[in-house]
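**Student:** Can you read through this structure? Questions will come right after.
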Amino acid sequence: MFLRPFTQRSVSLKGISSAGKVQQSMLRPFASTVARQLELEQNQNIPDKLKASDFLLPRHIGITPAQEQEVLATVGNKTIEEHLEESVPDSILTTNLSDMFKHDFAKVGEIRSEFLYLENLKEVAKKNKIFKSYQGQGFYPCLVPNVILRNVLENPNWYTPYTPYQAEIAQGRLESLLNFQTMIADLTGLDIANASLLDEATAGAEAMFMAYSQFNKRRNVFFVSDQTYKHTIEVIKTRAEPLGIEVVVGDPNEYDFSDREDIFGVLVQNPGINGNIQDWSAKAEEVHKSKGFFIIGSDVLSLTMTKSPGEMGADIAYGLAQRLGVPMGFGGPHAAYFAVKEKIRFKLPGRVIGVSQDAHGNRALRMAMQTREQHIRRDRATSNICTAQALLANMAAFYGCWHGPKGLTNIAERINYQTHILHDKLTELGYTLHTHKDSMFDSIAIDISNEDLTKDQILSIFEDHEINLGVVNDNTLNVSLNEATTLADLEELITVFGKVKGKDAHVDFENTSYSGIKDSLKRTSEFMTHKIFNSLSSETDMMRYIQTLADKDIGLTKSMIPLGSCTMKLNAAVEMIPVTWPEFGNIHPFAPPSQTEGYMQMINELSDYLMAITGFEAISIQPNSGAQGEYSGLLTIRNFHKANGEGHRNICLIPTSAHGTNPASAMLLGMKIVAVKSDKNGNVDVEDLKAKAELHKDNLSCTMITYPSTHGVFEEDILEITETIHKYGGKVYIDGANMNAMMGHSSIKTIGGDVCHLNLHKTFTIPHGGGGPGMGPICCTKELEPHLPGHAIIPIDGRTKHAVCSAPYGSASILPIPHAYISLCGEKGISKSSALAILNSNYMAAQLEGHYEILYRNKNKKNAHEFIIDTREFKKTAGVTEEDIAKRLMDYGFHAPTVSFPVAGGIMVEPTESEPKIEMDRLCDALRNIREEIREIEEGKADKTNNVLKNSPHTVQVVSSDEWNYPYTREKAAFPVSWIHSRGKFWATVSRIDNVYGERNLMCSCPPMESYE
Ligand SMILES: Cc1ncc(COP(=O)(O)O)c(C=O)c1O
């Protein structure tokens, strides 16, 4: 079923043995050279000295082989194998790699040379055909401003940071995300926007859930306009069914909603799939009469010209910000936007950036309303969104800054003008159009039911001209113009429409007229009047603004980011390079399969790798984040039970130590969550699990287990846990966020899992982007395969239902990243990655032992790839909290580890395999030094409230001020250890942020223009 890589290689091999083939390969010398070189590289009999040496693996690994011995000695082991044996339970440890990778992984081989990998992937990418795409349906070619491409998308200062939980060292991206929120709130005419959601279809589904949850299950009908994108309707249906929501799809104009007290919400879309924009004001009023919620999905660019959703009475507006300077990328990643009225802001899904102040009263930004977030509220969360699409929201925000309101309007009007010309010409040619010229934006729907040619014949004429049109249904085609449409493109488009009719068609651009949209739909309100959208006119300004923001943040370019549970490993440059290749960027997600062969080859190879690593037989690449993977995996289990006549099985057992997205995902599926206790060692309390599985055996759907556990331990009892669940007819969902501890020496199948997600943005090197993108594909058993997500427009292995996001393969354009990592490291390299991730974690724990208490280790006193430091004692002895330690680390130039998860009062450290020994040593040194600073408070040498920890982080403003009233020196504040001088001092730009002030004075957009006057 799967295409194998290196197909060119076998072609060229045959070529050598037959004269005809040699000639053929000489005709295509480049392709065969790469293939031939790969072959030679893998020939064991050729001396290594003759071969390439630009390997990724030794660069991906942070420590040298000599240091590995030192590190092993510190943890008391002689070999890495011995160390693994002490860390991983015997019952699940597989050291025989060929057993482990029996799923064809071994056959695909390795390309260790970075240069050759890119050459080879380029050949694969070239199998994608870049046609002019007028398919629309939410995805549009656009012009990525080069200044943003180079300084943001291709810049590790922007793509390597984590979600801005540590706000003091994240002011740059927080400011940019605030710009995004401001732009969206203004464009939609609503009070508050988030930053951001995963894709348009899930944003539509989130809107439904938000409206639904306002009624506390008292209403269960959701009305969706039949003018909504098919993929959005499909995801809404996926999300509605498990909650018992009835989705009615129809023409809202034919309904009177004023007394429909069963309907909790009505969703419409502008423009609709027929290209028309409608003023929904009267309909919104009608829905409000019955207290329902009115939701408008809008094309983001059209909002510069048309009355906003807020002005039409919408309570919620959603859509996609892709066409604001983010490539289509065969479906993503892109940021979806979401905005609401003030009164419902507490149920807003996703992350919201807010304005607060720091300890000195300076303006400072932070993530607001965190108490709504899944990681705190668990099954009472407003959504399961964790990783979102921060990098893409930042790109869109910079696009807004670059063009400003006038520039955006000009782009929109140019598109609209071109669409007018096309409308005139199509009418002249005798086409029947569903779209009204005075109420359209960029799209025209053409009725082809009375054409002489069939839909497929018409499409194939366009394909001959390397043009793709959209298909609305068998009788309707769609053409959507975009920012990248040139006049020459328009001319060609019109000519081909003429050809279909057997007529010559020309356009005289010098004699065209433009009437725009009708007055009643026109936007009259101002938007994006803030200084930031009206001041960056030169590229110099723009470049410096982007850089100034980046300088405020800690990404992997500045320090290790030892966030437990997040696996902030190297995102190697070679892995990132293909992401911005046009062959991957400029492909519409619904492009005909004949044009996406390169993508499919790469995706199939990656799928093979991931199945091999997890031990499973089936995969869905679709989910756009780890939490979406959880949702999809549970949905797959749910649908499996349903298909077996056991739809009543809806109990999900979740350990209390689980990440908050686990219960939040189960909640979105209407499952009943039963919490399982942890024992004193932090492990799942097996007796409690057994008792609860037995108690709920008739309705047991599944359990969700994180392995190794969120406490950073390979639990010994895992097989007993999974066997218990299976005994009672349940399935085992494994949260694979910690897969970086397992690759190559155990698998999810080995530990008894039925389905798992993998966070490709953790273990598999997709950078975290400051809060996304991410990818959470799920792997499962053959038995569950028929129930995996499908796609309504591009069926996946014949599956058309249960889509979980807009595009068939999710955020496909970032898949080359894990593909590169796994291909370049090979099976031995990824196993080595995991082994060293565990070793480094034990090394750091050993360095800190005696200074801090390390929680939860196994019987050999070993932890997995992360470990937890207990800081609870310090609260009693010195009034110091885990937060104080996290903020003080900023003075040492470090991003803090994970705080308060999974243990309140804990700090969880995960070094990964990519960190150099010197950096790990420095972090240990900083933490030991901080311990001494705590001791000074304990011993009364330092004040309990006025000390280096409580006053951290110390900004340059504080340290360089003429006034210095602190009971310690400036040096102690900012340069507490000597190596900070040589390493280069990182300065937090704000002091400790006042969270309470931010919540009390909630403000989630940029200050208005007047505040600058
Ligand atoms: C253990 C665990 N599970 C699930 C998730 C959710 O993944 P995502 O953020 O990709 O939605 C996380 C994220 O940090 C995690 O640590």
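Chain labels A, B, ... are given in the sequence in which chains occur in the structure tokens; within each chain residues are numbered consecutively from 1, and ligands are likewise numbered from 1 in the order shown.
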For the contact check between chain A and ligand 1, emit one row per residue of chain A within 10 Å, containing the shortest atom pair and the distance in Å rounded to one decimal, counting only C-alpha atoms and all ligand atoms, chain then rising number order, as a tab-separated table.
**Tutor:**
```
residue	atom	partner	partner_atom_place_in_ligand_line	distance
A:Thr163	CA	ligand 1	9 (O)	9.3
A:Gln374	CA	ligand 1	6 (C)	9.6
A:His375	CA	ligand 1	14 (O)	8.9
A:Asn384	CA	ligand 1	11 (O)	7.3
A:Ile385	CA	ligand 1	11 (O)	6.0
A:Cys386	CA	ligand 1	9 (O)	4.3
A:Thr387	CA	ligand 1	9 (O)	3.8
A:Ala388	CA	ligand 1	11 (O)	7.4
A:Leu563	CA	ligand 1	14 (O)	9.4
A:Gly564	CA	ligand 1	16 (O)	7.8
A:Ser565	CA	ligand 1	16 (O)	4.3
A:Cys566	CA	ligand 1	14 (O)	5.4
A:Thr567	CA	ligand 1	16 (O)	8.8
A:Pro623	CA	ligand 1	10 (O)	9.5
A:Asn624	CA	ligand 1	10 (O)	7.8
A:Ser625	CA	ligand 1	10 (O)	4.1
A:Gly626	CA	ligand 1	10 (O)	3.3
A:Ala627	CA	ligand 1	11 (O)	3.6
A:Gln628	CA	ligand 1	11 (O)	6.3
A:Gly629	CA	ligand 1	11 (O)	7.7
A:Glu630	CA	ligand 1	4 (C)	7.6
A:Tyr631	CA	ligand 1	11 (O)	9.8
A:Ser657	CA	ligand 1	1 (C)	9.4
A:Ala658	CA	ligand 1	1 (C)	6.7
A:His659	CA	ligand 1	1 (C)	4.9
A:Gly660	CA	ligand 1	4 (C)	7.5
A:Thr661	CA	ligand 1	4 (C)	5.7
A:Asn662	CA	ligand 1	4 (C)	6.7
A:Ser665	CA	ligand 1	4 (C)	9.8
A:Ile705	CA	ligand 1	1 (C)	9.2
A:Thr706	CA	ligand 1	1 (C)	6.3
A:Tyr707	CA	ligand 1	1 (C)	8.6
A:Pro708	CA	ligand 1	1 (C)	9.5
A:Ser709	CA	ligand 1	1 (C)	8.1
A:Thr710	CA	ligand 1	1 (C)	6.0
A:His711	CA	ligand 1	1 (C)	9.8
A:Ile734	CA	ligand 1	3 (N)	9.5
A:Asp735	CA	ligand 1	3 (N)	5.8
A:Gly736	CA	ligand 1	3 (N)	7.1
A:Ala737	CA	ligand 1	1 (C)	4.9
A:Asn738	CA	ligand 1	1 (C)	6.7
A:Met739	CA	ligand 1	1 (C)	9.9
A:His757	CA	ligand 1	4 (C)	8.7
A:Leu758	CA	ligand 1	10 (O)	8.6
A:Asn759	CA	ligand 1	10 (O)	5.7
A:Leu760	CA	ligand 1	10 (O)	8.2
A:His761	CA	ligand 1	10 (O)	7.2
A:Lys762	CA	ligand 1	10 (O)	8.3
A:His768	CA	ligand 1	10 (O)	9.2
A:Gly771	CA	ligand 1	9 (O)	8.2
A:Gly772	CA	ligand 1	10 (O)	7.9
A:Pro773	CA	ligand 1	10 (O)	8.5
A:Gly774	CA	ligand 1	10 (O)	5.8
A:Met775	CA	ligand 1	10 (O)	6.7
A:Gly776	CA	ligand 1	10 (O)	6.3
A:Thr898	CA	ligand 1	14 (O)	9.9
A:Phe901	CA	ligand 1	16 (O)	9.2
A:Pro902	CA	ligand 1	1 (C)	9.2
```
**Student:** Find the residues around Val479 in chain A up to 9 Å (only C-alpha atoms counted), leave out those fewer than 2 positions away in its own chain, and share them as a list of chain:residue names.
**Tutor:** A:Ser133, A:Tyr134, A:Gln135, A:Gly136, A:Asp442, A:Ser443, A:Ile444, A:Ala445, A:Ile446, A:Asn468, A:Leu469, A:Gly470, A:Val471, A:Leu477, A:Leu481
**Student:** Using all heavy atoms, can you export the residues from the last selection as a short mmCIF file (atom, residue, chain, number, x, y, z; two decimals), in the first residue's frame?
**Tutor:**
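Okay, this is what ended up in part_20.cif:
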```cif
data_model
loop_
_atom_site.label_atom_id
_atom_site.label_comp_id
_atom_site.auth_asym_id
_atom_site.auth_seq_id
_atom_site.Cartn_x
_atom_site.Cartn_y
_atom_site.Cartn_z
N SER A 133 -4.11 27.75 -8.46
CA SER A 133 -5.26 27.27 -7.70
C SER A 133 -6.31 28.36 -7.53
O SER A 133 -6.03 29.41 -6.93
CB SER A 133 -4.83 26.77 -6.33
OG SER A 133 -5.98 26.39 -5.61
N TYR A 134 -7.50 28.09 -8.09
CA TYR A 134 -8.65 28.98 -7.87
C TYR A 134 -9.73 28.22 -7.11
O TYR A 134 -10.91 28.49 -7.26
CB TYR A 134 -9.18 29.50 -9.21
CG TYR A 134 -8.12 30.24 -10.01
CD1 TYR A 134 -7.51 29.64 -11.11
CD2 TYR A 134 -7.71 31.52 -9.64
CE1 TYR A 134 -6.52 30.29 -11.83
CE2 TYR A 134 -6.72 32.18 -10.36
CZ TYR A 134 -6.13 31.56 -11.44
OH TYR A 134 -5.14 32.21 -12.14
N GLN A 135 -9.27 27.21 -6.35
CA GLN A 135 -10.25 26.33 -5.69
C GLN A 135 -10.92 26.98 -4.48
O GLN A 135 -12.02 26.59 -4.11
CB GLN A 135 -9.53 25.05 -5.22
CG GLN A 135 -9.12 24.17 -6.38
CD GLN A 135 -8.17 23.08 -5.91
OE1 GLN A 135 -6.97 23.29 -5.78
NE2 GLN A 135 -8.71 21.92 -5.64
N GLY A 136 -10.23 27.94 -3.89
CA GLY A 136 -10.85 28.66 -2.77
C GLY A 136 -11.24 27.74 -1.63
O GLY A 136 -10.41 27.00 -1.14
N ASP A 442 -14.61 37.44 -3.73
CA ASP A 442 -13.54 36.90 -4.58
C ASP A 442 -13.94 35.65 -5.32
O ASP A 442 -13.15 35.10 -6.07
CB ASP A 442 -12.32 36.57 -3.70
CG ASP A 442 -12.65 35.48 -2.69
OD1 ASP A 442 -13.85 35.22 -2.44
OD2 ASP A 442 -11.71 34.86 -2.15
N SER A 443 -15.15 35.15 -5.05
CA SER A 443 -15.52 33.81 -5.55
C SER A 443 -16.78 33.88 -6.40
O SER A 443 -17.73 34.61 -6.08
CB SER A 443 -15.78 32.86 -4.38
OG SER A 443 -14.64 32.79 -3.58
N ILE A 444 -16.79 33.07 -7.46
CA ILE A 444 -17.97 32.99 -8.32
C ILE A 444 -18.33 31.51 -8.46
O ILE A 444 -17.47 30.67 -8.75
CB ILE A 444 -17.68 33.59 -9.72
CG1 ILE A 444 -17.30 35.08 -9.58
CG2 ILE A 444 -18.88 33.41 -10.64
CD1 ILE A 444 -16.88 35.74 -10.89
N ALA A 445 -19.59 31.21 -8.22
CA ALA A 445 -20.06 29.83 -8.38
C ALA A 445 -20.78 29.71 -9.73
O ALA A 445 -21.66 30.52 -10.05
CB ALA A 445 -20.99 29.46 -7.24
N ILE A 446 -20.38 28.74 -10.51
CA ILE A 446 -20.89 28.61 -11.88
C ILE A 446 -21.76 27.35 -11.98
O ILE A 446 -21.31 26.25 -11.63
CB ILE A 446 -19.71 28.50 -12.88
CG1 ILE A 446 -18.77 29.69 -12.68
CG2 ILE A 446 -20.19 28.41 -14.31
CD1 ILE A 446 -17.36 29.43 -13.15
N ASN A 468 -6.50 24.79 -11.52
CA ASN A 468 -7.50 24.03 -10.75
C ASN A 468 -8.66 24.93 -10.37
O ASN A 468 -8.45 26.01 -9.82
CB ASN A 468 -6.90 23.49 -9.45
CG ASN A 468 -5.87 22.40 -9.69
OD1 ASN A 468 -5.97 21.66 -10.67
ND2 ASN A 468 -4.89 22.33 -8.82
N LEU A 469 -9.88 24.44 -10.66
CA LEU A 469 -11.09 25.14 -10.19
C LEU A 469 -11.62 24.39 -8.97
O LEU A 469 -11.30 23.21 -8.77
CB LEU A 469 -12.15 25.17 -11.27
CG LEU A 469 -11.81 25.90 -12.58
CD1 LEU A 469 -13.05 25.93 -13.48
CD2 LEU A 469 -11.32 27.33 -12.33
N GLY A 470 -12.47 25.04 -8.22
CA GLY A 470 -13.09 24.37 -7.08
C GLY A 470 -14.35 23.65 -7.50
O GLY A 470 -15.02 24.04 -8.47
N VAL A 471 -14.66 22.58 -6.77
CA VAL A 471 -15.89 21.84 -7.06
C VAL A 471 -16.82 22.02 -5.87
O VAL A 471 -16.49 21.61 -4.75
CB VAL A 471 -15.60 20.34 -7.26
CG1 VAL A 471 -16.88 19.56 -7.52
CG2 VAL A 471 -14.60 20.15 -8.40
N LEU A 477 -19.33 24.63 -10.18
CA LEU A 477 -17.90 24.84 -10.01
C LEU A 477 -17.67 26.19 -9.36
O LEU A 477 -18.54 27.08 -9.43
CB LEU A 477 -17.19 24.80 -11.37
CG LEU A 477 -17.21 23.44 -12.07
CD1 LEU A 477 -16.51 23.52 -13.42
CD2 LEU A 477 -16.55 22.37 -11.21
N LEU A 481 -10.60 34.08 -6.82
CA LEU A 481 -9.37 34.80 -7.12
C LEU A 481 -8.65 35.14 -5.81
O LEU A 481 -9.21 34.99 -4.73
CB LEU A 481 -9.67 36.06 -7.92
CG LEU A 481 -10.44 35.80 -9.23
CD1 LEU A 481 -10.53 37.07 -10.06
CD2 LEU A 481 -9.79 34.69 -10.06
#
```
**Student:** Skip Glu492 in chain A itself and residues of its chain fewer than 2 positions away, then list as a list in words all residues within 10 Å of it, counting only C-alpha atoms.
**Tutor:**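 After dropping sequence-adjacent residues, the list is His465, Ile467, Thr486, Leu487, Ala488, Asp489, Leu490, Ile494, Thr495, Val496, Phe497, Gly498, Ala505, His506 and Val507 of chain A.
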**Student:** Just the selected residues (N, CA and C atoms), exported as an mmCIF file, in the first residue's frame, please.
**Tutor:**
```
data_model
loop_
_atom_site.group_PDB
_atom_site.id
_atom_site.type_symbol
_atom_site.label_atom_id
_atom_site.label_comp_id
_atom_site.auth_asym_id
_atom_site.auth_seq_id
_atom_site.Cartn_x
_atom_site.Cartn_y
_atom_site.Cartn_z
ATOM 1 N N HIS A 465 -4.351 23.428 -18.788
ATOM 2 C CA HIS A 465 -3.709 24.748 -18.675
ATOM 3 C C HIS A 465 -3.081 24.943 -17.289
ATOM 4 N N ILE A 467 -4.476 24.677 -14.385
ATOM 5 C CA ILE A 467 -5.368 25.489 -13.551
ATOM 6 C C ILE A 467 -6.319 24.546 -12.812
ATOM 7 N N THR A 486 -2.510 37.384 -11.062
ATOM 8 C CA THR A 486 -2.033 38.522 -11.862
ATOM 9 C C THR A 486 -3.040 38.805 -12.981
ATOM 10 N N LEU A 487 -2.848 39.918 -13.652
ATOM 11 C CA LEU A 487 -3.748 40.218 -14.785
ATOM 12 C C LEU A 487 -3.565 39.169 -15.871
ATOM 13 N N ALA A 488 -2.328 38.720 -16.049
ATOM 14 C CA ALA A 488 -2.084 37.684 -17.059
ATOM 15 C C ALA A 488 -2.808 36.399 -16.686
ATOM 16 N N ASP A 489 -2.828 36.090 -15.379
ATOM 17 C CA ASP A 489 -3.568 34.892 -14.930
ATOM 18 C C ASP A 489 -5.056 35.033 -15.241
ATOM 19 N N LEU A 490 -5.573 36.232 -14.963
ATOM 20 C CA LEU A 490 -7.001 36.469 -15.175
ATOM 21 C C LEU A 490 -7.343 36.328 -16.657
ATOM 22 N N ILE A 494 -9.920 33.614 -18.279
ATOM 23 C CA ILE A 494 -11.055 33.993 -19.129
ATOM 24 C C ILE A 494 -10.949 33.280 -20.486
ATOM 25 N N THR A 495 -9.738 33.208 -21.007
ATOM 26 C CA THR A 495 -9.553 32.518 -22.292
ATOM 27 C C THR A 495 -9.991 31.060 -22.186
ATOM 28 N N VAL A 496 -9.612 30.416 -21.076
ATOM 29 C CA VAL A 496 -9.967 28.990 -20.958
ATOM 30 C C VAL A 496 -11.478 28.835 -20.752
ATOM 31 N N PHE A 497 -12.102 29.757 -20.018
ATOM 32 C CA PHE A 497 -13.572 29.691 -19.894
ATOM 33 C C PHE A 497 -14.202 29.837 -21.283
ATOM 34 N N GLY A 498 -13.573 30.673 -22.121
ATOM 35 C CA GLY A 498 -14.065 30.808 -23.499
ATOM 36 C C GLY A 498 -13.917 29.497 -24.251
ATOM 37 N N ALA A 505 -12.314 34.381 -26.107
ATOM 38 C CA ALA A 505 -12.660 35.393 -25.090
ATOM 39 C C ALA A 505 -11.441 36.238 -24.790
ATOM 40 N N HIS A 506 -11.644 37.527 -24.749
ATOM 41 C CA HIS A 506 -10.531 38.441 -24.463
ATOM 42 C C HIS A 506 -10.977 39.422 -23.400
ATOM 43 N N VAL A 507 -9.995 40.032 -22.780
ATOM 44 C CA VAL A 507 -10.346 41.079 -21.824
ATOM 45 C C VAL A 507 -9.502 42.316 -22.121
#
```
**Student:** Choose the residue, out of A:Tyr417, A:Glu466, A:Ser960, A:Pro562, that has the smallest atom-to-atom separation from Gly516 in chain A; count only C-alpha atoms.
**Tutor:**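 Comparing A:Tyr417, A:Glu466, A:Ser960, A:Pro562 against Gly516 in chain A, the winner is A:Tyr417.
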**Student:** Excluding Met543 in chain A and residues on its chain fewer than 6 positions from it, collect all residues at most 10 Å away from it, counting only C-alpha atoms, and give them as a PyMOL selection string.
**Tutor:** chain A and resi 147-148+150-152+536
**Student:** Using only C-alpha atoms, which residues sit within 12 Å of Val248 in chain A once same-chain residues fewer than 6 positions away are excluded, as a ChimeraX atom specification?
**Tutor:** /A:220-226,233,236-237,240-241,255,262-267
**Student:** Write out as a PyMOL selection string which residues come within 8 Å of Leu197 in chain A when counting only C-alpha atoms, dropping same-chain ones fewer than 6 positions away.
**Tutor:** chain A and resi 203+335-338+350+385+388-389
**Student:** DSSP on the backbone, then: every residue of range 234-306 of chain A marked strand (DSSP E or B), written as a ChimeraX atom specification.
**Tutor:** /A:246-250,263-270,276,293-298,306
**Student:** Given only C-alpha atoms as the basis, pick out the residue of A:Ser834, A:Ser460, A:Thr238, A:Asn571 nearest to Ile817 in chain A.
**Tutor:**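 With only C-alpha atoms as the atom set, the closest residue is A:Asn571.
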**Student:** List the neighbours of range 114-120 of chain A out to 12 Å using only C-alpha atoms; skip same-chain residues closer than 2 positions along the sequence, and give me the result as an MDAnalysis selection string.
**Tutor:** chainID A and resid 5:9 30:41 51:60 109:112 122:127 572:579 581 598 602 816:817 819:826
**Student:** Can you list, as a ChimeraX atom specification, every residue of range 394-555 of chain A that DSSP puts in alpha helix (DSSP H)?
**Tutor:** /A:394-428,455-464,487-500,539-551
**Student:** Report the distance between CA of Pro663 in chain A and CA of Ile353 in chain A in Å, rounded to one decimal place.
**Tutor:** 24.1 Å
**Student:** Compare A:Asn473, A:Asn482, A:Asn740, A:Ser383 by their minimum atom-to-atom distance to Leu669 in chain A, counting only C-alpha atoms, and give me the closest one.
**Tutor:** A:Ser383
**Student:** By how many Å are CA of Gly585 in chain A and CA of Arg414 in chain A apart?
**Tutor:**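 Calculated distance between CA of Gly585 in chain A and CA of Arg414 in chain A is 23.4 Å.
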